[in-house]
Amino acid sequence: MADRAQPLNLSVWAGGLAAALILTLTLGTIAAVLARAEGSFALGAGDLAAIRFTLVQAVLSGVLSCVLAVPVARALARRRFVGRAVLVTLMGAPFILPVIVAVLGLVMVFGRAGWVSGALGLFGLPPVHIYGLHGVVLAHVFFNLPLATRLILQGWLSIPAERFRLAATLGMTPRDVARHLEWPMLRATLPGAFMVIFLICTTSFAVALAVGGGPRATTVELAIYQAFRFDFDLSRAAFLALIQLAISGAAALLALWVAVPQATGAGLDRTVERWDAARPGLRVLDGALIILAALFLLLPLTAIALRGLPEVLSLPAGVWQAAWRSLCVAGLSVIVTVVLALSMTLAITGLRNRALAKGIEVTGYLAVAASPLVIGTGLFLIVFPFANPADLALPVTALVNAVMALPFALRALVPAAQEVEARFGPLADSLGMTGWHRLRRLTLPRLRRPLGFAAALAGALSMGDLGVIALFADPDAGTLPLLLYRLMGSYRMDQAAGVALVLLGLSLLVFWLFDRGGRVDADL
């Protein structure tokens with residue numbers, strides 16, 4: 001075992017440096033902003049209202065997403081039909097969907113001049129108002145309903161087929177099955193799903209910027225943006241960033257505390273048959289739920305495609321320049337994410353000291369609770385004496401995007417790397433595989449799939465990000481999401497739909513290329 005630690009020294013140092021960089025970017029940038037701040041750190045009525053709104057919309061979004069996801073996940077778990085696998089796969093699409101594109105699609109369907117308002121007008125009913133609390137919650141449910149469905153569906157699929165077979169033998173009704181099999185699973189799964197969605201919604205920026213933004217519909221992240229952009233009140237912005245960090249950290253700790261161990265037992269991996277759901281009425285109900293969920297997810301994208309397709313070929317040259325800038329930012333973000341995630345993963349799996357390894361892993365997840373706007377502002381304050389911040393807008397945006405994608409990359413890489421070491425580490429030690437030879441021959445080939453997925457996720461998230469770039473980019477040097485937001489703000493919806501379609505296509509292409517690259521000729 002002593003020999004085994006030697007080839008990992010370099011990777012441990014690299015992982016430690018990556019963790020130190022993350023600490024600097026998350027906590028050090030807040031310190032940089034505080035150091036330049038002037039004035040008191042008292043919160044005004046507007047700040048307290050932003051905190052209150054952040055918590056309220058996050059709770060409502062989490063509750064609605066989970067409540068709606070339960071019947072949809074149950075319907076998908078009970079039914080087998082043509083296209084089911086495709087539909088379940090599409091449930092993951094909103095997570096990589098550019099936020100501003102989805103918001104535009106929702107406005108086209110549910111906005112004042114949208115499809116739903118038009119249908120209501122036929123019956124003499126008033127149009128739907130999408131802006132404000134209900135608009136923010138609607139957008140968050142659109143993004144998080146598929147996530148909640150996937151998480152809860154995994155819980156349903158974890159119930160062994162033998163349990164349902166026994167329930168059928170005992171003559172259990174659907175209500176009995178729900179009480180004795182499904183409810184214990186939901187009690188273990190729902191708290192974690194809710195807290196994950198709550199955490200995502202507390203750091204919302206683009207959604208609140210597009211369909212909120214009023215005095216009564218401002219999140220903490222949006223309040224930070226306003227403090228920087230309009231007031232340049234660094235003390236207020238930094239204090240709000242610390243409050244947001246506390247909210248997100250408390251949510252993460254609460255998610256661990258409320259987690260209930262699930263004990264469904266082991267099975268023989270047989271195909272699940274649901275005799276309790278064979279009634280015609282339940283078939284119709286499940287089919288209706290699946291169709292409604294699919295329509296809710298697909299209608300906004302369909303609206304963008306129908307309206308934007310005729311505009312794509314007539315888009316001005318500035319759109320394609322913004323597209324190129326977005327691709328460059330995404331490419332740089334992918335490189336930084338992969339380097340940081342791989343360095344930290346190798347350190348986590350190579351360290352004997354489990355407490356130190358866990359510390360590096362927790363540091364990587366710290367970015368979930370950090371404010372990208374504060375990170376970007378702190379970086380600009382640091383480099384301001386040496387360079388023009390506007391000239392570094394794109395590299396800084398790429399770096400911040402990489403940090404924001406790091407937790408998801410670690411979630412994909414760390415378990416895979418630990419499995420590789422557990423299965424092949426002793427054999428590699430006996431063969432004397434060390435250093436670069438071990439990394440190239442053993443580790444990288446078996447991490448190719450999760451590396452490809454991590455790169456794909458980082459690229460897609462960076463393509464659709466509207467955060468730091470909204471603060472510091474030159475009006476003529478922005479990315480596609482920023483250009484799309486400005487077109488929406490000037491009510492040029494046809495051109496905005498064309499830009500949204502280009503952004504959506506490029507985001508999906510980036511994700512597919514990297515994810516596919518991790519699968520081709522992979523050993524696992």
# chains A, B, ... in the order shown; residues from 1 in each chain; ligands from 1
$ select_by_dssp --residues "segment 201-381 of chain A" --states "alpha helix (DSSP H)" --output "count of residues only"
129
$ residues_around --residues "segment 75-91 of chain A" --least-positions-apart "3" --cutoff "10 Å" --atoms "only C-alpha atoms" --output "compact mmCIF listing (two decimals) with N, CA and C atoms, in the first residue's frame"
# COMPACT_ATOMS: atom_id res chain seq x y z
N ALA A 69 -44.65 15.96 -10.21
CA ALA A 69 -43.78 14.89 -10.71
C ALA A 69 -44.20 13.52 -10.21
N VAL A 70 -44.82 13.44 -9.03
CA VAL A 70 -45.18 12.13 -8.46
C VAL A 70 -46.13 11.36 -9.37
N PRO A 71 -47.28 11.91 -9.80
CA PRO A 71 -48.15 11.13 -10.68
C PRO A 71 -47.54 10.85 -12.05
N VAL A 72 -46.72 11.78 -12.56
CA VAL A 72 -46.08 11.55 -13.86
C VAL A 72 -45.06 10.42 -13.75
N PRO A 94 -34.42 19.76 -20.43
CA PRO A 94 -34.51 21.11 -19.88
C PRO A 94 -33.32 21.51 -19.03
N PHE A 95 -32.60 20.53 -18.45
CA PHE A 95 -31.46 20.88 -17.61
C PHE A 95 -30.33 21.50 -18.43
N PHE A 143 -38.42 23.87 -15.71
CA PHE A 143 -37.07 23.33 -15.66
C PHE A 143 -36.95 22.14 -14.71
N ASN A 144 -37.67 22.20 -13.60
CA ASN A 144 -37.42 21.25 -12.53
C ASN A 144 -38.42 20.10 -12.46
N LEU A 145 -39.57 20.21 -13.13
CA LEU A 145 -40.50 19.08 -13.19
C LEU A 145 -39.83 17.85 -13.81
N PRO A 146 -39.11 17.98 -14.93
CA PRO A 146 -38.42 16.80 -15.48
C PRO A 146 -37.37 16.25 -14.52
N LEU A 147 -36.63 17.14 -13.84
CA LEU A 147 -35.61 16.68 -12.89
C LEU A 147 -36.26 15.90 -11.75
N ALA A 148 -37.35 16.45 -11.19
CA ALA A 148 -38.04 15.75 -10.11
C ALA A 148 -38.61 14.42 -10.60
N THR A 149 -39.13 14.40 -11.82
CA THR A 149 -39.68 13.17 -12.37
C THR A 149 -38.61 12.10 -12.50
N ARG A 150 -37.43 12.49 -13.00
CA ARG A 150 -36.35 11.52 -13.14
C ARG A 150 -35.90 10.99 -11.79
N ILE A 152 -37.63 10.83 -8.94
CA ILE A 152 -38.67 9.99 -8.33
C ILE A 152 -38.85 8.70 -9.11
N LEU A 153 -38.70 8.77 -10.44
CA LEU A 153 -38.80 7.56 -11.26
C LEU A 153 -37.73 6.55 -10.89
N GLN A 154 -36.52 7.04 -10.58
CA GLN A 154 -35.47 6.13 -10.14
C GLN A 154 -35.86 5.42 -8.85
N GLY A 155 -36.55 6.13 -7.97
CA GLY A 155 -37.04 5.51 -6.75
C GLY A 155 -38.06 4.43 -7.03
N TRP A 156 -38.98 4.69 -7.95
CA TRP A 156 -39.97 3.68 -8.31
C TRP A 156 -39.31 2.44 -8.92
N LEU A 157 -38.35 2.69 -9.80
CA LEU A 157 -37.69 1.56 -10.46
C LEU A 157 -36.80 0.76 -9.50
N VAL A 272 -40.52 -5.61 -14.13
CA VAL A 272 -41.61 -5.27 -13.23
C VAL A 272 -42.95 -5.37 -13.97
N GLU A 273 -43.88 -6.11 -13.39
CA GLU A 273 -45.23 -6.19 -13.92
C GLU A 273 -46.18 -5.63 -12.86
N ARG A 274 -47.03 -4.70 -13.28
CA ARG A 274 -47.92 -4.01 -12.36
C ARG A 274 -49.35 -4.50 -12.55
N TRP A 275 -49.68 -5.62 -11.90
CA TRP A 275 -51.05 -6.13 -11.98
C TRP A 275 -52.04 -5.19 -11.31
N ASP A 276 -51.56 -4.41 -10.33
CA ASP A 276 -52.45 -3.49 -9.64
C ASP A 276 -52.88 -2.31 -10.51
N ALA A 277 -52.17 -2.08 -11.63
CA ALA A 277 -52.47 -0.93 -12.50
C ALA A 277 -53.09 -1.36 -13.82
N ALA A 278 -53.67 -2.56 -13.87
CA ALA A 278 -54.22 -3.07 -15.13
C ALA A 278 -55.63 -2.57 -15.42
N LEU A 282 -57.22 3.37 -14.81
CA LEU A 282 -55.85 3.77 -14.48
C LEU A 282 -54.99 3.92 -15.73
N ARG A 283 -55.27 3.09 -16.72
CA ARG A 283 -54.53 3.23 -17.99
C ARG A 283 -54.81 4.59 -18.63
N LEU A 285 -55.89 7.30 -17.11
CA LEU A 285 -55.32 8.35 -16.26
C LEU A 285 -53.82 8.48 -16.50
N ASP A 286 -53.09 7.38 -16.52
CA ASP A 286 -51.65 7.43 -16.73
C ASP A 286 -51.32 7.99 -18.11
N GLY A 287 -52.07 7.57 -19.12
CA GLY A 287 -51.83 8.08 -20.46
C GLY A 287 -52.05 9.58 -20.54
N ALA A 288 -53.12 10.06 -19.89
CA ALA A 288 -53.40 11.50 -19.91
C ALA A 288 -52.29 12.29 -19.21
N LEU A 289 -51.81 11.77 -18.09
CA LEU A 289 -50.74 12.46 -17.36
C LEU A 289 -49.46 12.53 -18.19
N ILE A 290 -49.11 11.44 -18.85
CA ILE A 290 -47.90 11.43 -19.67
C ILE A 290 -48.03 12.41 -20.83
N ALA A 293 -47.77 16.05 -19.51
CA ALA A 293 -46.39 16.39 -19.16
C ALA A 293 -45.55 16.62 -20.41
N ALA A 294 -45.74 15.76 -21.42
CA ALA A 294 -44.99 15.93 -22.67
C ALA A 294 -45.35 17.23 -23.37
N LEU A 297 -43.74 20.26 -21.71
CA LEU A 297 -42.31 20.39 -22.00
C LEU A 297 -42.04 20.74 -23.46
N LEU A 298 -42.85 20.24 -24.37
CA LEU A 298 -42.57 20.39 -25.79
C LEU A 298 -43.21 21.61 -26.44
$ residues_around --residues "Trp115 of chain A" --least-positions-apart "4" --cutoff "10 Å" --atoms "only C-alpha atoms" --output "count of residues only"
14
$ residues_around --residues "Arg411 of chain A" --least-positions-apart "2" --cutoff "10 Å" --atoms "only C-alpha atoms" --output "short mmCIF file (atom, residue, chain, number, x, y, z; two decimals) with C-alpha atoms, in the first residue's frame"
data_model
loop_
_atom_site.label_atom_id
_atom_site.label_comp_id
_atom_site.auth_asym_id
_atom_site.auth_seq_id
_atom_site.Cartn_x
_atom_site.Cartn_y
_atom_site.Cartn_z
CA ALA A 341 -12.64 18.12 -12.19
CA THR A 345 -11.10 13.49 -8.79
CA GLU A 361 -14.81 17.07 -2.68
CA GLY A 364 -15.77 21.38 -5.38
CA TYR A 365 -19.45 21.38 -4.48
CA LEU A 406 -17.68 21.77 -11.59
CA PRO A 407 -20.09 20.20 -9.03
CA PHE A 408 -21.93 18.33 -11.79
CA ALA A 409 -18.65 17.17 -13.32
CA LEU A 413 -16.40 11.53 -12.24
CA VAL A 414 -15.79 10.74 -8.56
CA PRO A 415 -17.96 7.59 -8.26
CA ALA A 416 -16.59 6.26 -11.56
CA PRO A 450 -18.12 10.33 -17.53
CA ALA A 454 -19.00 16.23 -17.83
#
$ residues_around --residues "segment 319-325 of chain A" --least-positions-apart "5" --cutoff "10 Å" --atoms "only C-alpha atoms" --output "ChimeraX atom specification"
/A:312,330-331,394,463,476-484,498-499,502-503,506
$ write_last_selection --atoms "C-alpha atoms" --output "mmCIF file, in the first residue's frame"
data_model
loop_
_atom_site.group_PDB
_atom_site.id
_atom_site.type_symbol
_atom_site.label_atom_id
_atom_site.label_comp_id
_atom_site.auth_asym_id
_atom_site.auth_seq_id
_atom_site.Cartn_x
_atom_site.Cartn_y
_atom_site.Cartn_z
ATOM 1 C CA VAL A 312 -32.833 31.999 -39.136
ATOM 2 C CA ALA A 330 -18.066 27.267 -24.079
ATOM 3 C CA GLY A 331 -14.871 25.651 -25.399
ATOM 4 C CA LEU A 394 -15.307 36.573 -22.188
ATOM 5 C CA MET A 463 -23.543 28.159 -24.056
ATOM 6 C CA ASP A 476 -21.147 44.883 -29.304
ATOM 7 C CA ALA A 477 -19.210 41.962 -27.837
ATOM 8 C CA GLY A 478 -21.831 39.875 -26.067
ATOM 9 C CA THR A 479 -22.781 36.230 -26.386
ATOM 10 C CA LEU A 480 -25.961 34.750 -27.867
ATOM 11 C CA PRO A 481 -27.900 34.625 -24.553
ATOM 12 C CA LEU A 482 -27.186 38.316 -23.946
ATOM 13 C CA LEU A 483 -28.209 39.203 -27.484
ATOM 14 C CA LEU A 484 -31.410 37.195 -27.091
ATOM 15 C CA GLY A 498 -34.588 32.990 -34.656
ATOM 16 C CA VAL A 499 -31.681 33.695 -32.298
ATOM 17 C CA VAL A 502 -29.728 29.073 -33.220
ATOM 18 C CA LEU A 503 -28.730 29.059 -29.541
ATOM 19 C CA LEU A 506 -25.723 25.038 -30.903
#
$ atom_distance --atom1 "atom CA of Arg492 of chain A" --atom2 "atom CA of Leu504 of chain A"
18.0 Å
$ residues_around --residues "Leu309 of chain A" --least-positions-apart "5" --cutoff "12 Å" --atoms "only C-alpha atoms" --output "list in words"
Leu301, Thr302, Ala303, Ile304, Ser314, Leu315, Asp494, Gln495, Ala496, Ala497, Gly498, Val499, Ala500, Leu501, Val502, Leu504 and Gly505 of chain A
$ write_last_selection --atoms "N, CA and C atoms" --output "PDB file, in the first residue's frame"
ATOM      1  N   LEU A 301     -40.887  24.736 -26.820  1.00  0.00           N
ATOM      2  CA  LEU A 301     -39.864  24.533 -27.849  1.00  0.00           C
ATOM      3  C   LEU A 301     -40.486  24.522 -29.232  1.00  0.00           C
ATOM      4  N   THR A 302     -41.678  23.964 -29.350  1.00  0.00           N
ATOM      5  CA  THR A 302     -42.383  23.981 -30.637  1.00  0.00           C
ATOM      6  C   THR A 302     -42.706  25.411 -31.057  1.00  0.00           C
ATOM      7  N   ALA A 303     -43.133  26.242 -30.110  1.00  0.00           N
ATOM      8  CA  ALA A 303     -43.448  27.639 -30.423  1.00  0.00           C
ATOM      9  C   ALA A 303     -42.219  28.376 -30.942  1.00  0.00           C
ATOM     10  N   ILE A 304     -41.067  28.131 -30.321  1.00  0.00           N
ATOM     11  CA  ILE A 304     -39.832  28.771 -30.789  1.00  0.00           C
ATOM     12  C   ILE A 304     -39.471  28.296 -32.191  1.00  0.00           C
ATOM     13  N   SER A 314     -32.308  34.921 -42.249  1.00  0.00           N
ATOM     14  CA  SER A 314     -32.247  36.371 -42.430  1.00  0.00           C
ATOM     15  C   SER A 314     -31.634  37.093 -41.236  1.00  0.00           C
ATOM     16  N   LEU A 315     -31.032  36.343 -40.319  1.00  0.00           N
ATOM     17  CA  LEU A 315     -30.421  36.973 -39.155  1.00  0.00           C
ATOM     18  C   LEU A 315     -29.191  37.784 -39.574  1.00  0.00           C
ATOM     19  N   ASP A 494     -39.890  38.047 -33.213  1.00  0.00           N
ATOM     20  CA  ASP A 494     -39.592  37.180 -34.359  1.00  0.00           C
ATOM     21  C   ASP A 494     -38.092  36.948 -34.479  1.00  0.00           C
ATOM     22  N   GLN A 495     -37.322  38.026 -34.409  1.00  0.00           N
ATOM     23  CA  GLN A 495     -35.868  37.886 -34.479  1.00  0.00           C
ATOM     24  C   GLN A 495     -35.338  37.159 -33.252  1.00  0.00           C
ATOM     25  N   ALA A 496     -35.944  37.416 -32.090  1.00  0.00           N
ATOM     26  CA  ALA A 496     -35.537  36.712 -30.880  1.00  0.00           C
ATOM     27  C   ALA A 496     -35.757  35.215 -31.018  1.00  0.00           C
ATOM     28  N   ALA A 497     -36.863  34.815 -31.646  1.00  0.00           N
ATOM     29  CA  ALA A 497     -37.127  33.389 -31.848  1.00  0.00           C
ATOM     30  C   ALA A 497     -36.071  32.765 -32.756  1.00  0.00           C
ATOM     31  N   GLY A 498     -35.645  33.499 -33.789  1.00  0.00           N
ATOM     32  CA  GLY A 498     -34.588  32.990 -34.656  1.00  0.00           C
ATOM     33  C   GLY A 498     -33.278  32.804 -33.911  1.00  0.00           C
ATOM     34  N   VAL A 499     -32.900  33.798 -33.100  1.00  0.00           N
ATOM     35  CA  VAL A 499     -31.681  33.695 -32.298  1.00  0.00           C
ATOM     36  C   VAL A 499     -31.802  32.556 -31.293  1.00  0.00           C
ATOM     37  N   ALA A 500     -32.978  32.418 -30.685  1.00  0.00           N
ATOM     38  CA  ALA A 500     -33.191  31.339 -29.718  1.00  0.00           C
ATOM     39  C   ALA A 500     -33.033  29.974 -30.370  1.00  0.00           C
ATOM     40  N   LEU A 501     -33.515  29.846 -31.592  1.00  0.00           N
ATOM     41  CA  LEU A 501     -33.395  28.571 -32.294  1.00  0.00           C
ATOM     42  C   LEU A 501     -31.926  28.259 -32.595  1.00  0.00           C
ATOM     43  N   VAL A 502     -31.163  29.268 -32.982  1.00  0.00           N
ATOM     44  CA  VAL A 502     -29.728  29.073 -33.220  1.00  0.00           C
ATOM     45  C   VAL A 502     -29.033  28.668 -31.918  1.00  0.00           C
ATOM     46  N   LEU A 504     -30.345  27.292 -29.242  1.00  0.00           N
ATOM     47  CA  LEU A 504     -30.780  25.953 -28.842  1.00  0.00           C
ATOM     48  C   LEU A 504     -30.056  24.889 -29.653  1.00  0.00           C
ATOM     49  N   GLY A 505     -29.985  25.084 -30.960  1.00  0.00           N
ATOM     50  CA  GLY A 505     -29.308  24.117 -31.817  1.00  0.00           C
ATOM     51  C   GLY A 505     -27.830  23.976 -31.482  1.00  0.00           C
TER      52      GLY A 505
END
$ closest_residue --among "A:Thr218, A:Gly105, A:Leu199, A:Val33" --to "Phe53 of chain A" --atoms "only C-alpha atoms"
A:Thr218
$ closest_residue --among "A:Leu60, A:Ala370, A:Val338, A:Ala390" --to "Leu451 of chain A" --atoms "only C-alpha atoms"
A:Val338
$ closest_atom_pairs --of "segment 421-483 of chain A" --to "segment 511-514 of chain A" --cutoff "8 Å" --atoms "only C-alpha atoms" --output "JSON lines"
{"residue": "A:Gly452", "atom": "CA", "partner": "A:Phe514", "partner_atom": "CA", "distance": 5.3}
{"residue": "A:Phe453", "atom": "CA", "partner": "A:Phe514", "partner_atom": "CA", "distance": 6.8}
{"residue": "A:Ala455", "atom": "CA", "partner": "A:Phe514", "partner_atom": "CA", "distance": 6.0}
{"residue": "A:Ala456", "atom": "CA", "partner": "A:Phe511", "partner_atom": "CA", "distance": 4.2}
{"residue": "A:Leu457", "atom": "CA", "partner": "A:Phe511", "partner_atom": "CA", "distance": 6.3}
{"residue": "A:Gly459", "atom": "CA", "partner": "A:Phe511", "partner_atom": "CA", "distance": 6.4}
{"residue": "A:Ala460", "atom": "CA", "partner": "A:Phe511", "partner_atom": "CA", "distance": 5.5}
$ atom_distance --atom1 "atom CA of Ala50 of chain A" --atom2 "atom CA of Asn401 of chain A"
24.3 Å
$ atom_distance --atom1 "atom CA of Arg446 of chain A" --atom2 "atom CA of Val196 of chain A"
28.8 Å
$ closest_residue --among "A:Leu151, A:Ile197, A:Ala393, A:Leu240" --to "Val368 of chain A" --atoms "only C-alpha atoms"
A:Ile197
